[in-house]
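Engineer: Have a peek at work-v5.txt (compact mmCIF, C-alpha atoms).
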```txt
# COMPACT_ATOMS: atom_id res chain seq x y z
CA MET A 1 10.12 -32.21 -33.76
CA CYS A 2 10.29 -30.99 -30.18
CA ARG A 3 12.21 -28.27 -28.37
CA PHE A 4 13.91 -28.68 -25.00
CA LEU A 5 16.31 -27.19 -22.49
CA ALA A 6 18.45 -28.58 -19.69
CA TYR A 7 20.18 -26.68 -16.90
CA MET A 8 22.82 -27.60 -14.33
CA GLY A 9 24.44 -25.14 -11.92
CA GLU A 10 23.57 -22.83 -9.07
CA PRO A 11 19.90 -23.14 -8.11
CA ILE A 12 17.67 -20.82 -10.13
CA PHE A 13 13.95 -20.50 -10.64
CA LEU A 14 12.70 -22.52 -13.59
CA ALA A 15 10.95 -19.39 -14.90
CA ASP A 16 14.35 -17.77 -15.55
CA LEU A 17 14.76 -20.01 -18.60
CA VAL A 18 11.40 -21.63 -19.26
CA CYS A 19 9.23 -18.49 -19.25
CA ALA A 20 11.16 -15.23 -18.91
CA PRO A 21 13.58 -14.89 -21.89
CA ALA A 22 12.41 -13.35 -25.15
CA HIS A 23 12.73 -16.69 -26.94
CA SER A 24 11.92 -18.85 -23.94
CA LEU A 25 10.83 -22.44 -24.24
CA VAL A 26 7.19 -21.35 -23.80
CA HIS A 27 7.68 -18.95 -26.72
CA GLN A 28 9.32 -21.71 -28.78
CA ALA A 29 6.25 -23.87 -28.22
CA MET A 30 4.43 -21.54 -30.58
CA HIS A 31 7.26 -19.88 -32.54
CA ALA A 32 10.27 -22.19 -32.88
CA ASP A 33 12.89 -20.94 -35.33
CA GLU A 34 14.93 -24.08 -36.00
CA GLY A 35 12.52 -26.96 -35.56
CA LYS A 36 10.93 -29.05 -38.26
CA THR A 37 7.67 -27.27 -37.43
CA PRO A 38 7.29 -23.85 -35.74
CA THR A 39 4.61 -25.10 -33.35
CA ASN A 40 5.21 -27.59 -30.54
CA GLY A 41 1.76 -27.84 -29.00
CA ASP A 42 1.36 -31.55 -28.26
CA GLY A 43 2.04 -31.24 -24.55
CA PHE A 44 4.97 -30.23 -22.40
CA GLY A 45 6.86 -31.35 -19.34
CA LEU A 46 9.16 -30.28 -16.54
CA GLY A 47 11.55 -32.37 -14.48
CA TRP A 48 13.70 -31.08 -11.63
CA TYR A 49 15.94 -32.29 -8.84
CA ALA A 50 15.45 -30.83 -5.37
CA GLU A 51 15.77 -32.38 -1.90
CA ARG A 52 15.19 -35.98 -2.93
CA PRO A 53 17.29 -38.22 -5.21
CA GLU A 54 14.35 -38.75 -7.56
CA PRO A 55 13.32 -35.85 -9.82
CA GLY A 56 9.93 -34.23 -9.60
CA LEU A 57 7.89 -34.37 -12.81
CA TYR A 58 5.04 -32.25 -14.15
CA ARG A 59 3.65 -33.22 -17.56
CA GLU A 60 0.55 -31.99 -19.32
CA ILE A 61 -1.11 -32.49 -22.72
CA ARG A 62 -2.16 -28.86 -23.11
CA PRO A 63 0.14 -26.57 -25.09
CA ALA A 64 2.69 -24.85 -22.88
CA TRP A 65 1.37 -21.40 -23.75
CA SER A 66 -2.15 -22.23 -22.53
CA ASP A 67 -1.45 -23.78 -19.14
CA GLU A 68 -1.63 -21.19 -16.37
CA ASN A 69 -0.22 -23.70 -13.88
CA LEU A 70 3.05 -23.93 -15.79
CA ARG A 71 4.03 -20.30 -15.24
CA SER A 72 2.99 -20.38 -11.57
CA LEU A 73 4.99 -23.55 -10.95
CA CYS A 74 8.07 -22.19 -12.71
CA GLU A 75 7.91 -18.98 -10.67
CA GLN A 76 8.00 -20.96 -7.41
CA VAL A 77 10.34 -23.91 -8.06
CA ARG A 78 14.07 -23.40 -7.74
CA SER A 79 16.44 -26.15 -8.84
CA ARG A 80 20.11 -26.84 -9.48
CA LEU A 81 19.33 -29.28 -12.31
CA PHE A 82 16.18 -29.32 -14.40
CA PHE A 83 14.74 -30.29 -17.79
CA ALA A 84 11.92 -28.69 -19.77
CA HIS A 85 10.37 -29.96 -23.00
CA VAL A 86 7.67 -28.89 -25.45
CA ARG A 87 6.40 -31.64 -27.72
CA ALA A 88 5.56 -31.93 -31.40
CA SER A 89 4.36 -35.48 -31.90
CA THR A 90 5.82 -37.57 -34.72
CA GLY A 91 2.75 -39.80 -34.77
CA THR A 92 2.12 -41.19 -31.30
CA ALA A 93 -0.83 -40.13 -29.16
CA THR A 94 -0.93 -36.89 -27.22
CA THR A 95 -1.14 -38.24 -23.69
CA ARG A 96 0.61 -37.39 -20.42
CA ALA A 97 2.39 -40.74 -20.58
CA ASN A 98 3.99 -39.70 -23.89
CA CYS A 99 5.13 -36.27 -22.68
CA HIS A 100 8.77 -35.74 -21.76
CA PRO A 101 10.81 -35.88 -19.63
CA PHE A 102 10.65 -39.48 -18.49
CA GLY A 103 11.79 -40.60 -15.06
CA HIS A 104 12.79 -43.91 -13.52
CA GLY A 105 14.17 -43.79 -9.99
CA GLN A 106 16.86 -41.11 -9.94
CA HIS A 107 17.16 -41.11 -13.74
CA MET A 108 15.61 -38.58 -16.11
CA PHE A 109 15.59 -38.50 -19.92
CA MET A 110 14.14 -36.46 -22.79
CA HIS A 111 14.56 -36.47 -26.55
CA ASN A 112 14.02 -34.52 -29.73
CA GLY A 113 14.19 -36.36 -33.04
CA GLN A 114 12.65 -39.27 -34.84
CA VAL A 115 12.88 -43.02 -35.30
CA GLY A 116 12.09 -43.49 -38.96
CA ASP A 117 9.11 -45.77 -39.61
CA TYR A 118 8.67 -46.24 -35.88
CA HIS A 119 5.26 -47.83 -36.35
CA ARG A 120 6.90 -50.67 -38.30
CA ILE A 121 9.40 -51.56 -35.59
CA LYS A 122 7.65 -50.46 -32.39
CA ARG A 123 7.11 -54.00 -31.15
CA ARG A 124 10.72 -54.95 -31.90
CA ILE A 125 12.05 -51.94 -30.00
CA GLU A 126 9.90 -52.87 -27.02
CA GLU A 127 11.52 -56.31 -27.06
CA LEU A 128 14.76 -54.58 -26.08
CA ILE A 129 13.15 -53.74 -22.71
CA PRO A 130 13.50 -56.62 -20.19
CA ASP A 131 10.55 -57.76 -18.12
CA ASP A 132 11.75 -56.11 -14.92
CA LEU A 133 11.65 -52.70 -16.62
CA TYR A 134 8.72 -53.21 -18.97
CA GLY A 135 6.25 -52.55 -16.16
CA SER A 136 7.54 -48.97 -16.14
CA ARG A 137 6.53 -48.51 -19.78
CA LEU A 138 3.48 -46.24 -19.49
CA GLY A 139 3.40 -44.56 -22.91
CA THR A 140 3.63 -45.62 -26.54
CA GLY A 141 6.40 -43.36 -27.83
CA ASP A 142 9.89 -44.10 -29.08
CA THR A 143 11.70 -41.96 -26.49
CA GLU A 144 10.45 -43.86 -23.47
CA ALA A 145 11.27 -47.19 -25.14
CA ILE A 146 14.83 -46.07 -25.94
CA PHE A 147 15.25 -44.78 -22.36
CA LEU A 148 14.16 -48.07 -20.78
CA ALA A 149 16.21 -50.13 -23.22
CA ALA A 150 19.29 -48.02 -22.42
CA LEU A 151 18.65 -48.42 -18.68
CA ALA A 152 18.73 -52.18 -19.20
CA ASP A 153 22.04 -51.85 -21.07
CA GLY A 154 23.93 -49.98 -18.35
CA LEU A 155 22.79 -46.37 -18.65
CA GLU A 156 23.62 -45.71 -14.99
CA ARG A 157 27.23 -46.89 -15.10
CA ASP A 158 28.05 -46.07 -18.75
CA PRO A 159 25.53 -43.57 -20.16
CA VAL A 160 27.40 -42.75 -23.36
CA GLY A 161 28.07 -46.39 -24.19
CA ALA A 162 24.55 -47.51 -23.29
CA ILE A 163 22.93 -44.89 -25.52
CA GLY A 164 25.30 -45.73 -28.38
CA ARG A 165 24.56 -49.45 -28.17
CA THR A 166 20.81 -48.86 -27.92
CA LEU A 167 20.78 -46.56 -30.96
CA ALA A 168 22.78 -49.17 -32.89
CA ARG A 169 20.16 -51.80 -32.12
CA VAL A 170 17.32 -49.48 -33.11
CA LEU A 171 19.07 -48.56 -36.36
CA ALA A 172 19.61 -52.24 -37.13
CA LEU A 173 15.89 -52.87 -36.63
CA MET A 174 15.08 -50.03 -39.03
CA VAL A 175 17.43 -51.45 -41.66
CA ALA A 176 15.97 -54.93 -41.26
CA ALA A 177 12.46 -53.51 -41.73
CA GLY A 178 13.53 -51.84 -44.97
CA SER A 179 13.20 -48.30 -43.64
CA ARG A 180 14.81 -45.55 -45.65
CA GLN A 181 14.03 -42.94 -43.01
CA PRO A 182 16.69 -41.46 -40.71
CA LEU A 183 17.26 -41.99 -37.03
CA ARG A 184 17.73 -38.51 -35.55
CA PHE A 185 18.62 -38.04 -31.92
CA ALA A 186 19.12 -35.03 -29.68
CA ALA A 187 18.66 -36.02 -26.05
CA ALA A 188 19.47 -35.19 -22.45
CA TYR A 189 20.05 -37.61 -19.58
CA SER A 190 20.70 -37.03 -15.89
CA ASP A 191 21.01 -39.03 -12.71
CA GLY A 192 20.95 -35.93 -10.51
CA GLU A 193 24.74 -35.60 -10.52
CA ARG A 194 25.57 -35.57 -14.23
CA LEU A 195 24.10 -33.90 -17.30
CA ILE A 196 24.81 -35.68 -20.56
CA CYS A 197 23.46 -34.36 -23.86
CA PHE A 198 23.69 -36.04 -27.26
CA ARG A 199 23.49 -34.75 -30.83
CA TRP A 200 23.56 -37.50 -33.44
CA SER A 201 21.86 -38.61 -36.65
CA SER A 202 22.15 -41.45 -39.14
CA ASP A 203 21.97 -38.83 -41.91
CA ALA A 204 23.54 -35.39 -42.22
CA ARG A 205 20.69 -33.54 -40.47
CA PRO A 206 20.87 -33.98 -36.70
CA PRO A 207 18.43 -31.91 -34.62
CA SER A 208 19.78 -28.55 -33.50
CA LEU A 209 21.46 -28.35 -30.10
CA TYR A 210 23.37 -25.50 -28.44
CA TRP A 211 25.13 -24.99 -25.12
CA ARG A 212 26.52 -22.25 -22.94
CA GLN A 213 28.66 -22.32 -19.80
CA HIS A 214 29.05 -19.35 -17.47
CA GLN A 215 30.62 -19.48 -14.02
CA GLY A 216 30.06 -23.21 -13.88
CA ASN A 217 26.41 -23.05 -14.94
CA VAL A 218 25.64 -25.15 -18.03
CA ILE A 219 22.60 -24.63 -20.25
CA VAL A 220 21.74 -26.86 -23.21
CA VAL A 221 18.93 -25.82 -25.58
CA SER A 222 17.40 -26.88 -28.86
CA GLU A 223 17.72 -23.25 -29.90
CA PRO A 224 18.98 -20.16 -28.06
CA VAL A 225 16.49 -18.70 -25.61
CA ASP A 226 17.75 -15.12 -25.86
CA ALA A 227 19.09 -12.60 -28.36
CA ARG A 228 22.78 -13.14 -27.54
CA PRO A 229 23.84 -15.57 -30.28
CA GLU A 230 27.54 -14.95 -29.65
CA GLU A 231 27.23 -16.65 -26.26
CA TRP A 232 25.84 -19.92 -27.62
CA ARG A 233 27.91 -22.67 -29.21
CA ALA A 234 26.45 -25.38 -31.38
CA ILE A 235 27.19 -28.90 -30.25
CA ALA A 236 28.84 -30.45 -33.28
CA PRO A 237 27.01 -33.31 -35.01
CA ASN A 238 27.80 -36.73 -33.58
CA HIS A 239 29.10 -35.34 -30.29
CA VAL A 240 28.12 -35.64 -26.65
CA LEU A 241 28.37 -32.98 -23.94
CA ILE A 242 29.24 -34.30 -20.49
CA ALA A 243 28.91 -32.11 -17.39
CA SER A 244 28.87 -32.88 -13.69
CA ARG A 245 28.54 -30.98 -10.46
CA HIS A 246 32.25 -31.39 -9.78
CA ALA A 247 33.90 -30.95 -13.20
CA ALA A 248 33.81 -28.60 -16.16
CA ALA A 249 31.71 -29.56 -19.15
CA GLU A 250 33.47 -31.30 -22.02
CA LEU A 251 32.59 -32.34 -25.55
CA ARG A 252 33.48 -35.74 -26.95
CA ALA A 253 32.89 -37.51 -30.22
CA PHE A 254 29.87 -39.81 -30.02
CA VAL A 255 30.01 -42.94 -32.15
CA VAL A 256 27.12 -45.33 -32.63
CA PRO A 257 28.67 -48.75 -33.21
CA GLN A 258 27.66 -50.71 -36.25
CA ALA A 259 25.24 -53.51 -35.56
CA GLU A 260 24.10 -56.40 -37.67
CA PRO A 261 20.55 -55.97 -38.99
CA GLN A 262 18.03 -57.87 -36.89
CA PRO A 263 14.97 -59.58 -38.35
CA ALA A 264 11.86 -57.38 -38.42
```
Let's see the structure in the file written out as structure tokens.

Structural biologist:
Amino acid sequence: MCRFLAYMGEPIFLADLVCAPAHSLVHQAMHADEGKTPTNGDGFGLGWYAERPEPGLYREIRPAWSDENLRSLCEQVRSRLFFAHVRASTGTATTRANCHPFGHGQHMFMHNGQVGDYHRIKRRIEELIPDDLYGSRLGTGDTEAIFLAALADGLERDPVGAIGRTLARVLALMVAAGSRQPLRFAAAYSDGERLICFRWSSDARPPSLYWRQHQGNVIVVSEPVDARPEEWRAIAPNHVLIASRHAAAELRAFVVPQAEPQPA
């Protein structure tokens, strides 16, 4: 599984979180403590909001620790809201198009987890994406498909509800295909004004996710990036963290509605 971080608050250099801390995301790419595997070397990506409504994206298939451009970019770019992600593939190709985060207009999305038996239901999941959005499908991974399907189901106006309904449909497809594998989902979404982070699983083992808020700055990480564990709080399983530029962060229960199994 992957490792990621999301930040919203006063503008800071990306390097302050992505590169500089002792257990930074670049360090986690090679030495993750809480992931399914300690190495996340199947590419990485950055996404940040600056002067335009749409986020800037930089994605690369090289491991984060071996790309000299990554550190230089992070030392120069300052942002009030940014994502960073290091990837451990669950079976799809290592290509730029499969690296997170994903963008569409002002929207940005990244994910850590798994869709059990994805290869058996990939085509069915893609059928959840309408024609007017399918042209934006550049990769082959589950995350991008879920993102586009959720956009079609109202992600902009109701992000929590849209993600819940989309996960319910995906889980129903898995059940219909006879999958006994879990659907595990830790994810971050933003439209440039809000940061919404999910921790959910169909079994009792959701991917790790922590958060910290200090003077209005919110950081969400797959695992703490520094040696101050007392400052980090785990997001409880089956909860969503909602933060915005104009309100304090809050945690809510996140429920994926039951859906009737759909034919595989």

Engineer: Excluding same-chain residues fewer than 6 positions from segment 80-91 of chain A, what lies within 6 Å of it counting all atoms listed in the file, as number ranges by chain?

Structural biologist: A: 1-11, 29, 40, 42-49

Engineer: Write a file of the selected residues as an mmCIF file, in the frame of the given file, keeping C-alpha atoms.

Structural biologist:
```cif
data_model
loop_
_atom_site.group_PDB
_atom_site.id
_atom_site.type_symbol
_atom_site.label_atom_id
_atom_site.label_comp_id
_atom_site.auth_asym_id
_atom_site.auth_seq_id
_atom_site.Cartn_x
_atom_site.Cartn_y
_atom_site.Cartn_z
ATOM 1 C CA MET A 1 10.120 -32.210 -33.760
ATOM 2 C CA CYS A 2 10.290 -30.990 -30.180
ATOM 3 C CA ARG A 3 12.210 -28.270 -28.370
ATOM 4 C CA PHE A 4 13.910 -28.680 -25.000
ATOM 5 C CA LEU A 5 16.310 -27.190 -22.490
ATOM 6 C CA ALA A 6 18.450 -28.580 -19.690
ATOM 7 C CA TYR A 7 20.180 -26.680 -16.900
ATOM 8 C CA MET A 8 22.820 -27.600 -14.330
ATOM 9 C CA GLY A 9 24.440 -25.140 -11.920
ATOM 10 C CA GLU A 10 23.570 -22.830 -9.070
ATOM 11 C CA PRO A 11 19.900 -23.140 -8.110
ATOM 12 C CA ALA A 29 6.250 -23.870 -28.220
ATOM 13 C CA ASN A 40 5.210 -27.590 -30.540
ATOM 14 C CA ASP A 42 1.360 -31.550 -28.260
ATOM 15 C CA GLY A 43 2.040 -31.240 -24.550
ATOM 16 C CA PHE A 44 4.970 -30.230 -22.400
ATOM 17 C CA GLY A 45 6.860 -31.350 -19.340
ATOM 18 C CA LEU A 46 9.160 -30.280 -16.540
ATOM 19 C CA GLY A 47 11.550 -32.370 -14.480
ATOM 20 C CA TRP A 48 13.700 -31.080 -11.630
ATOM 21 C CA TYR A 49 15.940 -32.290 -8.840
#
```

Engineer: With all atoms listed in the file as the basis for distance, which of A:Ala187, A:Val218, A:Leu14, A:Val160 is at the shortest distance from Ala253 of chain A?

Structural biologist: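 Nearest to Ala253 of chain A: A:Val160.
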
Engineer: For the atom pair atom CA of Arg180 of chain A and atom CA of Gln114 of chain A, what is the interatomic distance in Å to one decimal place?

Structural biologist: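 Taking atom CA of Arg180 of chain A and atom CA of Gln114 of chain A, their separation equals 12.7 Å.
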
Engineer: Looking at A:Pro130, A:Pro224, A:Pro63, A:Gly116, which one is nearest to Val175 of chain A, with distances taken over only C-alpha atoms?

Structural biologist: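 Checking each candidate against Val175 of chain A, we get A:Gly116 as the closest.
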
Engineer: Please compute the atom CA of Arg165 of chain A-atom CA of Gln181 of chain A distance, one decimal, in Å.

Structural biologist: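 Taking atom CA of Arg165 of chain A as the start and atom CA of Gln181 of chain A as the end point, the length is 19.3 Å.
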
Engineer: Excluding segment 193-207 of chain A and any residue of its chain fewer than 6 positions from it, enumerate the residues within 8 Å of it, using all atoms listed in the file, and give them as a list in words.

Structural biologist: Met8, Gly35, Asn112, Gly113, Pro159, Pro182, Leu183, Arg184, Phe185, Ala186, Ala187, Val220, Ser222, Ile235, Ala236, Pro237, Asn238, His239, Val240, Leu241, Ile242, Ala243, Ser244, Arg245 and Phe254 of chain A

Engineer: So that I have them on file, write out the residues from the current selection with C-alpha atoms, as an mmCIF file, keeping the file's coordinate frame.

Structural biologist:
```
data_model
loop_
_atom_site.group_PDB
_atom_site.id
_atom_site.type_symbol
_atom_site.label_atom_id
_atom_site.label_comp_id
_atom_site.auth_asym_id
_atom_site.auth_seq_id
_atom_site.Cartn_x
_atom_site.Cartn_y
_atom_site.Cartn_z
ATOM 1 C CA MET A 8 22.820 -27.600 -14.330
ATOM 2 C CA GLY A 35 12.520 -26.960 -35.560
ATOM 3 C CA ASN A 112 14.020 -34.520 -29.730
ATOM 4 C CA GLY A 113 14.190 -36.360 -33.040
ATOM 5 C CA PRO A 159 25.530 -43.570 -20.160
ATOM 6 C CA PRO A 182 16.690 -41.460 -40.710
ATOM 7 C CA LEU A 183 17.260 -41.990 -37.030
ATOM 8 C CA ARG A 184 17.730 -38.510 -35.550
ATOM 9 C CA PHE A 185 18.620 -38.040 -31.920
ATOM 10 C CA ALA A 186 19.120 -35.030 -29.680
ATOM 11 C CA ALA A 187 18.660 -36.020 -26.050
ATOM 12 C CA VAL A 220 21.740 -26.860 -23.210
ATOM 13 C CA SER A 222 17.400 -26.880 -28.860
ATOM 14 C CA ILE A 235 27.190 -28.900 -30.250
ATOM 15 C CA ALA A 236 28.840 -30.450 -33.280
ATOM 16 C CA PRO A 237 27.010 -33.310 -35.010
ATOM 17 C CA ASN A 238 27.800 -36.730 -33.580
ATOM 18 C CA HIS A 239 29.100 -35.340 -30.290
ATOM 19 C CA VAL A 240 28.120 -35.640 -26.650
ATOM 20 C CA LEU A 241 28.370 -32.980 -23.940
ATOM 21 C CA ILE A 242 29.240 -34.300 -20.490
ATOM 22 C CA ALA A 243 28.910 -32.110 -17.390
ATOM 23 C CA SER A 244 28.870 -32.880 -13.690
ATOM 24 C CA ARG A 245 28.540 -30.980 -10.460
ATOM 25 C CA PHE A 254 29.870 -39.810 -30.020
#
```

Engineer: How far is it from atom CA of Gly103 of chain A to atom CA of Asp153 of chain A, in Å with one decimal?

Structural biologist: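 Separating atom CA of Gly103 of chain A from atom CA of Asp153 of chain A is a distance of 16.4 Å.
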
Engineer: For Cys99 of chain A, which of A:Ser190, A:Gln28, A:Thr143, A:Thr166 is the closest residue, counting all atoms listed in the file?

Structural biologist: A:Thr143

Engineer: Give me the residues near Arg120 of chain A as number ranges by chain, where near means some atom within 9 Å (using only C-alpha atoms) and where sequence neighbours in that chain fewer than 4 positions away do not count.

Structural biologist: A: 116, 124, 174, 177, 179, 264

Engineer: May I have the selected residues written with C-alpha atoms, as a PDB file, in the coordinates of the input?

Structural biologist:
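File produced: part10.pdb:
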```pdb
ATOM      1  CA  GLY A 116      12.090 -43.490 -38.960  1.00  0.00           C
ATOM      2  CA  ARG A 124      10.720 -54.950 -31.900  1.00  0.00           C
ATOM      3  CA  MET A 174      15.080 -50.030 -39.030  1.00  0.00           C
ATOM      4  CA  ALA A 177      12.460 -53.510 -41.730  1.00  0.00           C
ATOM      5  CA  SER A 179      13.200 -48.300 -43.640  1.00  0.00           C
ATOM      6  CA  ALA A 264      11.860 -57.380 -38.420  1.00  0.00           C
TER       7      ALA A 264
END
```

Engineer: Identify which of the residues A:Leu70, A:Leu171, A:Ala50, A:Ala97 lies closest to Ser136 of chain A, counting only C-alpha atoms when measuring atom-to-atom distances.

Structural biologist: A:Ala97

Engineer: Using only C-alpha atoms, pick whichever of A:Arg78, A:His111, A:His119, A:Arg212 has the shortest atom-to-atom distance to Ile146 of chain A.

Structural biologist: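 Of all the options, A:His111 lies closest to Ile146 of chain A.
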
Engineer: Identify the residues within 6 Å of coordinate (16.3, -39.3, -22.8) (same frame as the file), considering all atoms listed in the file, and give the answer as a PyMOL selection string.

Structural biologist: chain A and resi 109-111+147+187-189

Engineer: Using the selection just defined, write its residues with C-alpha atoms as a PDB file, keeping the file's coordinate frame.

Structural biologist:
```pdb
ATOM      1  CA  PHE A 109      15.590 -38.500 -19.920  1.00  0.00           C
ATOM      2  CA  MET A 110      14.140 -36.460 -22.790  1.00  0.00           C
ATOM      3  CA  HIS A 111      14.560 -36.470 -26.550  1.00  0.00           C
ATOM      4  CA  PHE A 147      15.250 -44.780 -22.360  1.00  0.00           C
ATOM      5  CA  ALA A 187      18.660 -36.020 -26.050  1.00  0.00           C
ATOM      6  CA  ALA A 188      19.470 -35.190 -22.450  1.00  0.00           C
ATOM      7  CA  TYR A 189      20.050 -37.610 -19.580  1.00  0.00           C
TER       8      TYR A 189
END
```

Engineer: Rank A:Glu230, A:Pro55, A:Tyr210, A:Arg157 by their smallest atom-to-atom distance to Gly105 of chain A, using only C-alpha atoms, and report the top residue only.

Structural biologist: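 Closest candidate: A:Pro55.
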
Engineer: Can you tell me which residues surround segment 52-54 of chain A at a distance of at most 8 Å, considering all atoms listed in the file, apart from same-chain residues fewer than 4 positions away, and format the answer as a PDB file with C-alpha atoms, in the coordinates of the input?

Structural biologist:
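The result, written out as selection.pdb:
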```pdb
ATOM      1  CA  GLY A 105      14.170 -43.790  -9.990  1.00  0.00           C
ATOM      2  CA  GLN A 106      16.860 -41.110  -9.940  1.00  0.00           C
ATOM      3  CA  HIS A 107      17.160 -41.110 -13.740  1.00  0.00           C
ATOM      4  CA  GLY A 192      20.950 -35.930 -10.510  1.00  0.00           C
TER       5      GLY A 192
END
```

Engineer: Which residues, written as JSON, numbers by chain, have at least one atom at most 8 Å from Asp226 of chain A, with all atoms listed in the file counted and residues fewer than 4 positions away on the same chain left out?

Structural biologist: {"A": [21, 22, 23, 24]}
